[in-house]
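J.: The structure is given below, and queries will be raised subsequently.
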2 protein chains.
Amino acid sequence: MTDTTTDLAGMAERAAWPRGSGDGHEAAEVLAAARACVDPELRRAIDSLPGSLRRVARYHFGWEHADGSPAAGNAGKAIRPALVLAAVRALGGEPAVAVRAAAAVELVHNFTLLHDDVIDRDTTRRHRPTAWTVFGDADAILVGDALQALGQRLLAEDPHPGAPAAAARLARCVVELCAGQQADLALERRGPEEVTLDECLAMAEAKTGALLGCACALGALYAGGTPEEVDALDGFGREAGLAFQLIDDVIGIWGDPGHTGKPAGADLAARKKSLPVVAALASATPAATELAGLYGGPPAESEAELERAAHLVERAGGRDWAQVHAADRMSRAVGQLARAVPDPEAAGGLLALAEFVTRRTH
Amino acid sequence: MTDTTTDLAGMAERAAWPRGSGDGHEAAEVLAAARACVDPELRRAIDSLPGSLRRVARYHFGWEHADGSPAAGNAGKAIRPALVLAAVRALGGEPAVAVRAAAAVELVHNFTLLHDDVIDRDTTRRHRPTAWTVFGDADAILVGDALQALGQRLLAEDPHPGAPAAAARLARCVVELCAGQQADLALERRGPEEVTLDECLAMAEAKTGALLGCACALGALYAGGTPEEVDALDGFGREAGLAFQLIDDVIGIWGDPGHTGKPAGADLAARKKSLPVVAALASATPAATELAGLYGGPPAESEAELERAAHLVERAGGRDWAQVHAADRMSRAVGQLARAVPDPEAAGGLLALAEFVTRRTH
């Protein structure tokens with residue numbers, strides 16, 4: 001095990017981890033460096049799976065086509081592993097020590113994607129058919145189960161003194177992610193006027209904020225941080241995660257010119273009770289009443305109806321609320337970060353990633 | 001954490017862990033003592049879940065009815081936790097130190113039951129409707145995910161020096177269980193003459209033997225056993241698990257007078273490629289040819305056809321093969337056990353459990 005760690009440290013050095021240049025390219029550099037560190041660990045973990053599970057996992061990660069031939073690979077931006085490594089560095093540690101923890105977080109993230117896609121019957125992920133549509137529900141469920149186990153195995157086999165606390169924290173986070181997904185399904189089943197904003201914010205924190213917070217907390221644990229530093233970095237990730245979700249919900253209604261490919265109105269067409277919609281519904285305005293009527297009906301089909309719905313959310317104050325609330329969450333995130341990492345130079349990598357996920361920089 | 005451990009040790013003392021009396025009641029005593037030790041830990045773990053996940057988990061364990069009212073509880077025999085604790089004692093350790101590990105194994109076992117029931121569309125478990133039929137697929141999948149995480153959390157939070165190796169071993173076992181379930185589904189999809197006995201034995205080892213072996217191995221790790229002792233106890237559990245599966249398959253065809261409630265012919269009616277059937281099909285006898293013809297057709301409906309199929313499996317030697325092979329596996333299990341625990345008195349608890357699961361004693 002010691003040999004492997006040394007080897008990884010060497011790899012990380014060769015990958016030239018960026019040391020906080022502060023310019024606009026920083027997030028891209030931090031992400032690329034994290035990917036270069038974590039990818040080999042992730043591929044080694046997936047390659048340890050028995051063949052039939054490995055095949056589905058390699059498809060899900062975008063490394064193989066459905067027929068098993070190699071693919072160029074689009075395994076997502078790997079924000080979460082980058083947060084783990086950036087958090088280590090923010091507290092003065094050497095990112096390479098936490099490569100297994102970073103891979104573990106990414107494995108857990110992908111286990112939840114596989115299961116959520118089965119549960120939500122989502123057919124597309126990262127511009128490709130989801131695993132369950134290609135291999136069936138059983139394989140997608142079982143490979144998800146195996147990825148959770150792999151993530152925990154990486155931590156259990158890691159001799160780093162931060163590993164046991166990281167494993168416990170990641171396991172608690174998985175429970176929170178499951179509760180968040182369950183709450184999301186329960187909220188979607190309820191009528192548009194039976195859902196409160198507080199419930200939706202709590203759900204978004206569990207479903208999105210928890211794992212971003214956990215990623216940062218794991219980095220802090222691997223850097224030997226104090227409990228206060230670990231909690232502050234968890235808070236930073238959670239608040240940034242909420243800001244990300246709010247911006248993502250705004251994009252799901254009004255669109256994002258060219259960045260995500262998510263078409264404007266997609267969430268409205270699906271009658272999704274996203275945060276700006278729920279804020280609009282709670283506004284007690286005439287626009288809210290009309291919006292509730294629309295959301296109580298069948299899914300929108302005409303372009304005109306989608307435009308009308310978007311207009312109503314805006315008139316009821318949903319867009320402004322989401323933007324102000326996202327800014328507030330980002331400012332809370334920065335506050336938490338400053339609590340643990342007062343030196344702006346050291347905090348640079350984490351801040352760049354938070355700004356990247358909330359689409360302030362690209 | 002130290003306080004909790006002390007408390008559990010005290011509880012185990014009060015539960016009067018049986019010290020290998022050697023008489024016929026031993027397995028029942030070992031199981032009852034294990035349940036008394038592990039149940040409070042298991043209930044505490046489940047009670048730590050958020051409400052909506054907890055409700056489904058408490059239903060699954062038989063502690064609550066679907067409406068949330070308390071139920072008498074039939075959470076199964078808890079063979080696996082009993083194996084963990086009996087393995088600790090076999091190597092001279094104090095069973096109470098491994099209560100969290102025993103609960104972790106039981107949580108993992110129940111996670112696989114929840115997911116397997118969703119995947120197999122099984123509607124009954126422990127004489128009650130399965131969780132997915134009551135709460136839906138999504139809740140059953142998510143609660144299964146949470147139980148896997150809980151199991152790993154118990155080990156990650158356990159300060160015992162055996163815990164990290166136990167966590168890694170349990171995670172590797174989960175991957176094996178997933179591969180076993182996947183192989184089972186793949187074998188059931190293939191034609192009756194396209195399946196080899198070796199494939200079926202490998203599948204049964206992964207699906208049934210692996211977790212019984214892992215339970216024993218975890219006990220050995222908590223007793224501070226050598227790698228050789230840990231591997232031998234894993235081998236003991238695996239071989240006993242195979243023997244159990246063979247006997248269970250015989251019962252699925254010819255029935256078990258009064259013990260399991262599984263009706264004679266159940267596996268034949270479902271055209272299940274159980275081990276005696278596959279052994280019969282591989283026999284190159286006229287009975288095998290007729291059996292293959294039956295299995296190639298639609299599921300059996302008449303009593304006469306089921307009787308004919310059972311008769312053909314017997315005539316082709318499937319019943320004899322299964323019984324001889326089960327005895328062989330039990331003798332290999334005993335050999336592995338003797339390798340790690342030469343003192344028969346110390347080995348008594350594990351042996352009694354192995355005989356219990358293979359239905360030699362009740």
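Going by the structure tokens order, chains are called A, B, ..., each with residues numbered from 1, while ligands are numbered from 1 in the order shown.
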Taking only C-alpha atoms into account, report as a compact mmCIF listing (two decimals) with all heavy atoms, in the first residue's frame which residues of chain B lie within 10 Å of chain A.
T.:
```
# COMPACT_ATOMS: atom_id res chain seq x y z
N SER B 48 -31.20 5.70 13.44
CA SER B 48 -30.42 6.89 13.07
C SER B 48 -30.78 7.40 11.67
O SER B 48 -30.35 8.47 11.27
CB SER B 48 -28.92 6.58 13.13
OG SER B 48 -28.51 5.84 11.98
N LEU B 49 -31.57 6.63 10.93
CA LEU B 49 -31.96 7.06 9.57
C LEU B 49 -32.99 8.18 9.64
O LEU B 49 -33.80 8.22 10.57
CB LEU B 49 -32.56 5.89 8.79
CG LEU B 49 -31.63 4.74 8.41
CD1 LEU B 49 -32.44 3.59 7.81
CD2 LEU B 49 -30.57 5.21 7.42
N PRO B 50 -33.02 9.08 8.63
CA PRO B 50 -34.11 10.06 8.56
C PRO B 50 -35.45 9.32 8.45
O PRO B 50 -35.52 8.21 7.92
CB PRO B 50 -33.82 10.82 7.27
CG PRO B 50 -32.39 10.53 6.93
CD PRO B 50 -32.07 9.20 7.52
N GLY B 51 -36.51 9.97 8.97
CA GLY B 51 -37.82 9.33 9.14
C GLY B 51 -38.35 8.53 7.97
O GLY B 51 -38.79 7.39 8.14
N SER B 52 -38.28 9.09 6.76
CA SER B 52 -38.92 8.43 5.64
C SER B 52 -38.16 7.17 5.22
O SER B 52 -38.77 6.19 4.79
CB SER B 52 -39.02 9.39 4.46
OG SER B 52 -37.75 9.98 4.23
N LEU B 53 -36.84 7.16 5.38
CA LEU B 53 -36.05 5.96 5.10
C LEU B 53 -36.24 4.95 6.23
O LEU B 53 -36.34 3.74 5.99
CB LEU B 53 -34.56 6.29 4.97
CG LEU B 53 -34.10 7.17 3.81
CD1 LEU B 53 -32.64 7.59 4.01
CD2 LEU B 53 -34.26 6.46 2.48
N ARG B 54 -36.29 5.46 7.45
CA ARG B 54 -36.41 4.60 8.63
C ARG B 54 -37.69 3.76 8.56
O ARG B 54 -37.69 2.58 8.87
CB ARG B 54 -36.43 5.48 9.89
CG ARG B 54 -36.42 4.69 11.20
CD ARG B 54 -36.16 5.62 12.37
NE ARG B 54 -37.20 6.63 12.51
CZ ARG B 54 -36.98 7.93 12.69
NH1 ARG B 54 -35.76 8.40 12.75
NH2 ARG B 54 -37.98 8.77 12.81
N PHE B 111 -29.62 -5.13 2.78
CA PHE B 111 -29.56 -4.28 1.58
C PHE B 111 -29.68 -5.14 0.32
O PHE B 111 -30.44 -4.80 -0.60
CB PHE B 111 -28.29 -3.41 1.62
CG PHE B 111 -27.39 -3.48 0.41
CD1 PHE B 111 -27.84 -3.08 -0.84
CD2 PHE B 111 -26.08 -3.94 0.52
CE1 PHE B 111 -27.01 -3.15 -1.96
CE2 PHE B 111 -25.25 -4.02 -0.58
CZ PHE B 111 -25.73 -3.62 -1.83
N THR B 112 -28.99 -6.28 0.30
CA THR B 112 -29.07 -7.12 -0.91
C THR B 112 -30.46 -7.74 -1.06
O THR B 112 -30.95 -7.89 -2.17
CB THR B 112 -27.99 -8.23 -0.92
OG1 THR B 112 -28.25 -9.14 0.15
CG2 THR B 112 -26.60 -7.66 -0.78
N HIS B 115 -32.76 -5.06 -2.63
CA HIS B 115 -32.50 -4.85 -4.06
C HIS B 115 -32.85 -6.09 -4.88
O HIS B 115 -33.42 -5.98 -5.98
CB HIS B 115 -31.05 -4.42 -4.27
CG HIS B 115 -30.81 -2.99 -3.91
ND1 HIS B 115 -29.67 -2.30 -4.25
CD2 HIS B 115 -31.58 -2.10 -3.23
CE1 HIS B 115 -29.75 -1.06 -3.80
NE2 HIS B 115 -30.89 -0.92 -3.17
N ASP B 116 -32.51 -7.28 -4.37
CA ASP B 116 -32.82 -8.50 -5.12
C ASP B 116 -34.33 -8.64 -5.30
O ASP B 116 -34.80 -9.07 -6.37
CB ASP B 116 -32.27 -9.74 -4.40
CG ASP B 116 -30.75 -9.86 -4.56
OD1 ASP B 116 -30.16 -9.02 -5.26
OD2 ASP B 116 -30.16 -10.78 -3.97
N VAL B 118 -36.53 -6.24 -5.58
CA VAL B 118 -36.92 -5.31 -6.65
C VAL B 118 -36.58 -5.93 -8.01
O VAL B 118 -37.41 -5.97 -8.92
CB VAL B 118 -36.20 -3.95 -6.51
CG1 VAL B 118 -36.40 -3.08 -7.76
CG2 VAL B 118 -36.69 -3.20 -5.27
N ILE B 119 -35.35 -6.41 -8.12
CA ILE B 119 -34.85 -6.91 -9.41
C ILE B 119 -35.61 -8.18 -9.82
O ILE B 119 -35.99 -8.33 -10.99
CB ILE B 119 -33.32 -7.19 -9.30
CG1 ILE B 119 -32.57 -5.85 -9.20
CG2 ILE B 119 -32.83 -8.02 -10.48
CD1 ILE B 119 -31.10 -5.98 -8.81
N ASP B 120 -35.83 -9.09 -8.87
CA ASP B 120 -36.49 -10.36 -9.20
C ASP B 120 -38.01 -10.26 -9.20
O ASP B 120 -38.68 -11.24 -9.49
CB ASP B 120 -36.06 -11.45 -8.19
CG ASP B 120 -34.55 -11.69 -8.20
OD1 ASP B 120 -33.93 -11.42 -9.25
OD2 ASP B 120 -34.00 -12.15 -7.18
N ASP B 137 -40.69 0.85 -5.95
CA ASP B 137 -39.30 0.52 -6.28
C ASP B 137 -38.32 1.55 -5.73
O ASP B 137 -37.25 1.20 -5.21
CB ASP B 137 -39.10 0.47 -7.80
CG ASP B 137 -39.73 -0.76 -8.42
OD1 ASP B 137 -40.44 -1.50 -7.71
OD2 ASP B 137 -39.51 -0.98 -9.62
N ALA B 138 -38.66 2.84 -5.89
CA ALA B 138 -37.72 3.91 -5.53
C ALA B 138 -37.34 3.79 -4.05
O ALA B 138 -36.15 3.80 -3.71
CB ALA B 138 -38.32 5.28 -5.82
N ASP B 139 -38.33 3.67 -3.17
CA ASP B 139 -38.03 3.58 -1.74
C ASP B 139 -37.22 2.33 -1.41
O ASP B 139 -36.29 2.38 -0.59
CB ASP B 139 -39.34 3.57 -0.92
CG ASP B 139 -39.83 4.99 -0.65
OD1 ASP B 139 -39.27 5.94 -1.23
OD2 ASP B 139 -40.79 5.15 0.13
N ILE B 141 -35.13 0.73 -3.38
CA ILE B 141 -33.75 0.93 -3.87
C ILE B 141 -33.00 1.86 -2.92
O ILE B 141 -31.88 1.57 -2.48
CB ILE B 141 -33.75 1.49 -5.30
CG1 ILE B 141 -34.32 0.46 -6.29
CG2 ILE B 141 -32.34 1.90 -5.73
CD1 ILE B 141 -34.56 1.01 -7.70
N LEU B 142 -33.63 2.99 -2.57
CA LEU B 142 -32.93 4.00 -1.75
C LEU B 142 -32.66 3.49 -0.34
O LEU B 142 -31.58 3.76 0.23
CB LEU B 142 -33.76 5.30 -1.71
CG LEU B 142 -33.85 6.02 -3.06
CD1 LEU B 142 -34.92 7.11 -3.01
CD2 LEU B 142 -32.49 6.61 -3.44
N VAL B 143 -33.59 2.75 0.24
CA VAL B 143 -33.36 2.22 1.59
C VAL B 143 -32.28 1.15 1.55
O VAL B 143 -31.44 1.07 2.46
CB VAL B 143 -34.68 1.71 2.22
CG1 VAL B 143 -34.41 0.98 3.53
CG2 VAL B 143 -35.62 2.88 2.45
N GLY B 144 -32.25 0.35 0.49
CA GLY B 144 -31.16 -0.60 0.33
C GLY B 144 -29.81 0.13 0.28
O GLY B 144 -28.86 -0.25 0.98
N ASP B 145 -29.74 1.18 -0.51
CA ASP B 145 -28.51 1.99 -0.59
C ASP B 145 -28.11 2.50 0.80
O ASP B 145 -26.93 2.47 1.17
CB ASP B 145 -28.72 3.19 -1.51
CG ASP B 145 -28.90 2.80 -2.96
OD1 ASP B 145 -28.52 1.67 -3.32
OD2 ASP B 145 -29.41 3.63 -3.74
N ALA B 146 -29.10 2.97 1.55
CA ALA B 146 -28.82 3.53 2.88
C ALA B 146 -28.34 2.44 3.84
O ALA B 146 -27.46 2.69 4.67
CB ALA B 146 -30.06 4.23 3.43
N LEU B 147 -28.88 1.23 3.72
CA LEU B 147 -28.44 0.15 4.61
C LEU B 147 -26.99 -0.24 4.31
O LEU B 147 -26.22 -0.54 5.23
CB LEU B 147 -29.35 -1.09 4.50
CG LEU B 147 -30.80 -0.94 4.95
CD1 LEU B 147 -31.46 -2.32 5.05
CD2 LEU B 147 -30.94 -0.21 6.27
N GLN B 148 -26.62 -0.25 3.02
CA GLN B 148 -25.20 -0.53 2.73
C GLN B 148 -24.32 0.53 3.39
O GLN B 148 -23.32 0.22 4.03
CB GLN B 148 -24.90 -0.57 1.21
CG GLN B 148 -23.43 -0.89 1.00
CD GLN B 148 -22.90 -0.96 -0.44
OE1 GLN B 148 -21.72 -1.19 -0.62
NE2 GLN B 148 -23.72 -0.77 -1.45
N ALA B 149 -24.73 1.80 3.26
CA ALA B 149 -23.94 2.89 3.85
C ALA B 149 -23.88 2.76 5.38
O ALA B 149 -22.82 2.94 5.99
CB ALA B 149 -24.54 4.24 3.46
N LEU B 150 -25.01 2.42 6.00
CA LEU B 150 -25.05 2.25 7.46
C LEU B 150 -24.07 1.17 7.91
O LEU B 150 -23.37 1.33 8.92
CB LEU B 150 -26.44 1.82 7.91
CG LEU B 150 -27.45 2.87 8.34
CD1 LEU B 150 -28.69 2.18 8.91
CD2 LEU B 150 -26.86 3.82 9.38
N GLY B 151 -24.06 0.06 7.18
CA GLY B 151 -23.15 -1.04 7.53
C GLY B 151 -21.71 -0.55 7.50
O GLY B 151 -20.93 -0.81 8.43
N GLN B 152 -21.35 0.17 6.45
CA GLN B 152 -19.99 0.68 6.35
C GLN B 152 -19.72 1.74 7.42
O GLN B 152 -18.60 1.84 7.93
CB GLN B 152 -19.73 1.25 4.95
CG GLN B 152 -19.51 0.15 3.89
CD GLN B 152 -18.20 -0.62 4.08
OE1 GLN B 152 -17.33 -0.24 4.85
NE2 GLN B 152 -18.07 -1.74 3.38
N ARG B 153 -20.75 2.52 7.77
CA ARG B 153 -20.56 3.54 8.81
C ARG B 153 -20.23 2.89 10.15
O ARG B 153 -19.34 3.35 10.88
CB ARG B 153 -21.82 4.39 8.94
CG ARG B 153 -21.58 5.74 9.60
CD ARG B 153 -22.86 6.30 10.21
NE ARG B 153 -23.10 5.70 11.51
CZ ARG B 153 -24.28 5.68 12.13
NH1 ARG B 153 -25.34 6.18 11.54
NH2 ARG B 153 -24.40 5.12 13.31
N LEU B 154 -20.95 1.81 10.48
CA LEU B 154 -20.68 1.13 11.76
C LEU B 154 -19.22 0.71 11.86
O LEU B 154 -18.58 0.85 12.91
CB LEU B 154 -21.59 -0.09 11.93
CG LEU B 154 -23.07 0.17 12.16
CD1 LEU B 154 -23.79 -1.15 12.44
CD2 LEU B 154 -23.28 1.14 13.32
N LEU B 155 -18.68 0.16 10.75
CA LEU B 155 -17.29 -0.28 10.77
C LEU B 155 -16.33 0.91 10.80
O LEU B 155 -15.32 0.89 11.51
CB LEU B 155 -17.00 -1.18 9.57
CG LEU B 155 -17.73 -2.53 9.59
CD1 LEU B 155 -17.49 -3.29 8.30
CD2 LEU B 155 -17.29 -3.37 10.79
N ALA B 156 -16.64 1.96 10.04
CA ALA B 156 -15.75 3.12 9.98
C ALA B 156 -15.68 3.82 11.34
O ALA B 156 -14.66 4.42 11.68
CB ALA B 156 -16.20 4.10 8.90
N GLU B 157 -16.77 3.75 12.11
CA GLU B 157 -16.80 4.42 13.41
C GLU B 157 -16.30 3.52 14.54
O GLU B 157 -16.24 3.94 15.69
CB GLU B 157 -18.23 4.88 13.73
CG GLU B 157 -18.67 6.04 12.87
CD GLU B 157 -20.11 6.47 13.13
OE1 GLU B 157 -20.83 5.74 13.83
OE2 GLU B 157 -20.50 7.52 12.60
N ASP B 158 -15.98 2.27 14.21
CA ASP B 158 -15.59 1.31 15.24
C ASP B 158 -14.10 1.43 15.51
O ASP B 158 -13.28 1.23 14.61
CB ASP B 158 -15.92 -0.11 14.74
CG ASP B 158 -15.81 -1.15 15.83
OD1 ASP B 158 -15.20 -0.84 16.88
OD2 ASP B 158 -16.32 -2.26 15.64
N PRO B 159 -13.71 1.79 16.75
CA PRO B 159 -12.28 1.97 17.03
C PRO B 159 -11.50 0.66 17.13
O PRO B 159 -10.29 0.68 17.25
CB PRO B 159 -12.28 2.70 18.38
CG PRO B 159 -13.57 2.30 19.04
CD PRO B 159 -14.57 2.08 17.92
N ALA B 163 -11.29 -3.25 12.56
CA ALA B 163 -12.37 -2.65 11.78
C ALA B 163 -11.99 -2.27 10.34
O ALA B 163 -12.75 -2.58 9.41
CB ALA B 163 -12.95 -1.45 12.52
N PRO B 164 -10.82 -1.61 10.11
CA PRO B 164 -10.53 -1.22 8.71
C PRO B 164 -10.43 -2.43 7.78
O PRO B 164 -10.99 -2.41 6.67
CB PRO B 164 -9.20 -0.48 8.82
CG PRO B 164 -9.16 0.02 10.24
CD PRO B 164 -9.83 -1.04 11.05
N ALA B 165 -9.75 -3.49 8.21
CA ALA B 165 -9.64 -4.67 7.35
C ALA B 165 -11.02 -5.30 7.15
O ALA B 165 -11.35 -5.80 6.06
CB ALA B 165 -8.68 -5.69 7.97
N ALA B 166 -11.85 -5.25 8.19
CA ALA B 166 -13.21 -5.79 8.07
C ALA B 166 -14.02 -4.98 7.06
O ALA B 166 -14.76 -5.54 6.24
CB ALA B 166 -13.89 -5.77 9.44
N ALA B 167 -13.87 -3.65 7.10
CA ALA B 167 -14.61 -2.78 6.17
C ALA B 167 -14.20 -3.07 4.73
O ALA B 167 -15.05 -3.15 3.83
CB ALA B 167 -14.37 -1.31 6.52
N ALA B 168 -12.90 -3.23 4.50
CA ALA B 168 -12.41 -3.51 3.15
C ALA B 168 -12.95 -4.87 2.68
O ALA B 168 -13.40 -5.02 1.53
CB ALA B 168 -10.89 -3.50 3.12
N ARG B 169 -12.91 -5.85 3.57
CA ARG B 169 -13.38 -7.19 3.22
C ARG B 169 -14.88 -7.19 2.93
O ARG B 169 -15.34 -7.84 1.99
CB ARG B 169 -13.06 -8.14 4.38
CG ARG B 169 -13.02 -9.56 3.95
CD ARG B 169 -12.15 -10.41 4.85
NE ARG B 169 -12.10 -11.73 4.28
CZ ARG B 169 -10.99 -12.41 4.02
NH1 ARG B 169 -9.82 -11.88 4.28
NH2 ARG B 169 -11.05 -13.60 3.47
N LEU B 170 -15.65 -6.46 3.73
CA LEU B 170 -17.09 -6.40 3.51
C LEU B 170 -17.41 -5.70 2.18
O LEU B 170 -18.29 -6.13 1.44
CB LEU B 170 -17.77 -5.67 4.68
CG LEU B 170 -19.30 -5.64 4.67
CD1 LEU B 170 -19.88 -7.06 4.72
CD2 LEU B 170 -19.83 -4.83 5.87
N ALA B 171 -16.65 -4.65 1.86
CA ALA B 171 -16.87 -3.94 0.59
C ALA B 171 -16.55 -4.86 -0.59
O ALA B 171 -17.29 -4.88 -1.59
CB ALA B 171 -16.01 -2.67 0.54
N ARG B 172 -15.45 -5.63 -0.48
CA ARG B 172 -15.12 -6.56 -1.57
C ARG B 172 -16.22 -7.62 -1.70
O ARG B 172 -16.56 -8.04 -2.81
CB ARG B 172 -13.77 -7.23 -1.32
CG ARG B 172 -12.59 -6.33 -1.65
CD ARG B 172 -11.26 -7.12 -1.76
NE ARG B 172 -10.90 -7.74 -0.50
CZ ARG B 172 -10.16 -7.15 0.44
NH1 ARG B 172 -9.70 -5.93 0.26
NH2 ARG B 172 -9.89 -7.79 1.56
N CYS B 173 -16.77 -8.02 -0.56
CA CYS B 173 -17.83 -9.03 -0.57
C CYS B 173 -19.08 -8.48 -1.27
O CYS B 173 -19.75 -9.21 -2.02
CB CYS B 173 -18.16 -9.45 0.86
SG CYS B 173 -19.47 -10.66 0.94
N VAL B 174 -19.40 -7.20 -1.05
CA VAL B 174 -20.57 -6.61 -1.72
C VAL B 174 -20.40 -6.69 -3.24
O VAL B 174 -21.35 -7.03 -3.96
CB VAL B 174 -20.79 -5.14 -1.28
CG1 VAL B 174 -21.78 -4.44 -2.19
CG2 VAL B 174 -21.27 -5.10 0.17
N VAL B 175 -19.20 -6.39 -3.72
CA VAL B 175 -18.96 -6.49 -5.17
C VAL B 175 -19.21 -7.93 -5.64
O VAL B 175 -19.84 -8.16 -6.67
CB VAL B 175 -17.52 -6.04 -5.51
CG1 VAL B 175 -17.20 -6.33 -6.97
CG2 VAL B 175 -17.35 -4.55 -5.22
N GLU B 176 -18.76 -8.90 -4.85
CA GLU B 176 -18.97 -10.31 -5.21
C GLU B 176 -20.46 -10.66 -5.21
O GLU B 176 -20.94 -11.38 -6.10
CB GLU B 176 -18.18 -11.21 -4.25
CG GLU B 176 -18.02 -12.62 -4.77
CD GLU B 176 -17.12 -13.49 -3.90
OE1 GLU B 176 -16.45 -12.97 -2.98
OE2 GLU B 176 -17.10 -14.72 -4.15
N LEU B 177 -21.20 -10.16 -4.22
CA LEU B 177 -22.64 -10.41 -4.15
C LEU B 177 -23.35 -9.83 -5.38
O LEU B 177 -24.25 -10.46 -5.95
CB LEU B 177 -23.24 -9.78 -2.89
CG LEU B 177 -22.80 -10.34 -1.54
CD1 LEU B 177 -23.29 -9.44 -0.41
CD2 LEU B 177 -23.33 -11.76 -1.35
N CYS B 178 -22.94 -8.62 -5.78
CA CYS B 178 -23.55 -7.99 -6.96
C CYS B 178 -23.25 -8.83 -8.21
O CYS B 178 -24.14 -9.05 -9.04
CB CYS B 178 -23.02 -6.57 -7.16
SG CYS B 178 -23.51 -5.44 -5.85
N ALA B 179 -22.01 -9.28 -8.34
CA ALA B 179 -21.64 -10.11 -9.49
C ALA B 179 -22.42 -11.42 -9.47
O ALA B 179 -22.84 -11.92 -10.51
CB ALA B 179 -20.14 -10.36 -9.49
N GLY B 180 -22.62 -11.98 -8.28
CA GLY B 180 -23.38 -13.22 -8.15
C GLY B 180 -24.83 -13.06 -8.58
O GLY B 180 -25.38 -13.89 -9.31
N GLN B 181 -25.45 -11.98 -8.14
CA GLN B 181 -26.85 -11.72 -8.53
C GLN B 181 -26.93 -11.49 -10.04
O GLN B 181 -27.85 -11.98 -10.71
CB GLN B 181 -27.38 -10.51 -7.75
CG GLN B 181 -28.70 -9.91 -8.26
CD GLN B 181 -29.92 -10.79 -8.01
OE1 GLN B 181 -29.82 -11.93 -7.56
NE2 GLN B 181 -31.09 -10.28 -8.36
N GLN B 182 -25.96 -10.76 -10.58
CA GLN B 182 -25.94 -10.50 -12.02
C GLN B 182 -25.77 -11.82 -12.80
O GLN B 182 -26.45 -12.04 -13.81
CB GLN B 182 -24.80 -9.53 -12.33
CG GLN B 182 -24.94 -8.80 -13.64
CD GLN B 182 -23.69 -8.03 -13.99
OE1 GLN B 182 -22.59 -8.40 -13.59
NE2 GLN B 182 -23.86 -6.96 -14.75
N ALA B 183 -24.89 -12.70 -12.30
CA ALA B 183 -24.66 -13.99 -12.97
C ALA B 183 -25.93 -14.85 -12.90
O ALA B 183 -26.28 -15.53 -13.87
CB ALA B 183 -23.50 -14.72 -12.31
N LEU B 185 -29.04 -13.82 -12.84
CA LEU B 185 -29.99 -13.31 -13.84
C LEU B 185 -29.58 -13.74 -15.25
O LEU B 185 -30.41 -14.12 -16.06
CB LEU B 185 -30.05 -11.77 -13.77
CG LEU B 185 -30.60 -11.19 -12.46
CD1 LEU B 185 -30.33 -9.69 -12.39
CD2 LEU B 185 -32.09 -11.46 -12.33
N ALA B 186 -28.27 -13.67 -15.52
CA ALA B 186 -27.78 -14.03 -16.86
C ALA B 186 -28.02 -15.53 -17.12
O ALA B 186 -28.43 -15.92 -18.21
CB ALA B 186 -26.30 -13.69 -16.98
```
J.: Would you please give, as a list of chain:residue names, all residues of region 97-328 of chain A that DSSP assigns to strand (DSSP E) based on the backbone?
T.: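 Of region 97-328 of chain A, only A:Thr124, A:Arg125, A:Arg128, A:Pro129 fall in strand (DSSP E).
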J.: Could those selected residues go to a file with N, CA and C atoms, as a short mmCIF file (atom, residue, chain, number, x, y, z; two decimals), in the first residue's frame?
T.:
```
data_model
loop_
_atom_site.label_atom_id
_atom_site.label_comp_id
_atom_site.auth_asym_id
_atom_site.auth_seq_id
_atom_site.Cartn_x
_atom_site.Cartn_y
_atom_site.Cartn_z
N THR A 124 -31.26 10.09 -20.71
CA THR A 124 -30.01 10.68 -21.21
C THR A 124 -29.16 11.19 -20.06
N ARG A 125 -27.86 10.93 -20.14
CA ARG A 125 -26.89 11.41 -19.14
C ARG A 125 -25.60 11.72 -19.88
N ARG A 128 -25.51 10.82 -23.57
CA ARG A 128 -25.58 9.43 -24.03
C ARG A 128 -26.77 8.74 -23.36
N PRO A 129 -27.25 7.63 -23.94
CA PRO A 129 -28.33 6.89 -23.28
C PRO A 129 -27.87 6.41 -21.90
#
```
J.: Do you have the CA of Phe244 (chain A)-CA of Leu275 (chain A) distance handy?
T.: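 If I compute the distance from CA of Phe244 (chain A) to CA of Leu275 (chain A), I get 11.6 Å.
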J.: Would you mind listing what lies within 12 Å of Leu351 (chain B) as number ranges by chain, with only C-alpha atoms counted and same-chain residues fewer than 2 positions away left out?
T.: B: 20, 22-24, 26-27, 30, 82-83, 86-87, 90, 216, 233, 236-237, 240, 330-331, 333-338, 341, 343-349, 353-358, 360-361
J.: What does the structure give for the distance between CA of Cys37 (chain B) and CA of Gly93 (chain B), in Å to one decimal?
T.: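 According to the coordinates, CA of Cys37 (chain B) and CA of Gly93 (chain B) are separated by 15.2 Å.
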J.: Hey, what's within 7 Å of Val84 (chain A) if we count only C-alpha atoms and toss same-chain stuff fewer than 3 positions away? As JSON, numbers by chain, please?
T.: {"A": [80, 81, 87, 88, 102, 215, 216, 218, 219]}
J.: Hey, what's within 8 Å of Val278 (chain B) if we count only C-alpha atoms and toss same-chain stuff fewer than 4 positions away? As a PyMOL selection string, please?
T.: chain B and resi 192+195-197+200+273-274+282+318
J.: Using DSSP on the backbone coordinates, identify the residues of region 126-336 of chain A assigned to helix (DSSP H, G or I); present them as a VMD selection string.
T.: chain A and resid 131 to 135 137 to 156 163 to 189 197 to 222 227 to 254 266 to 269 275 to 281 286 to 296 303 to 315 318 to 336
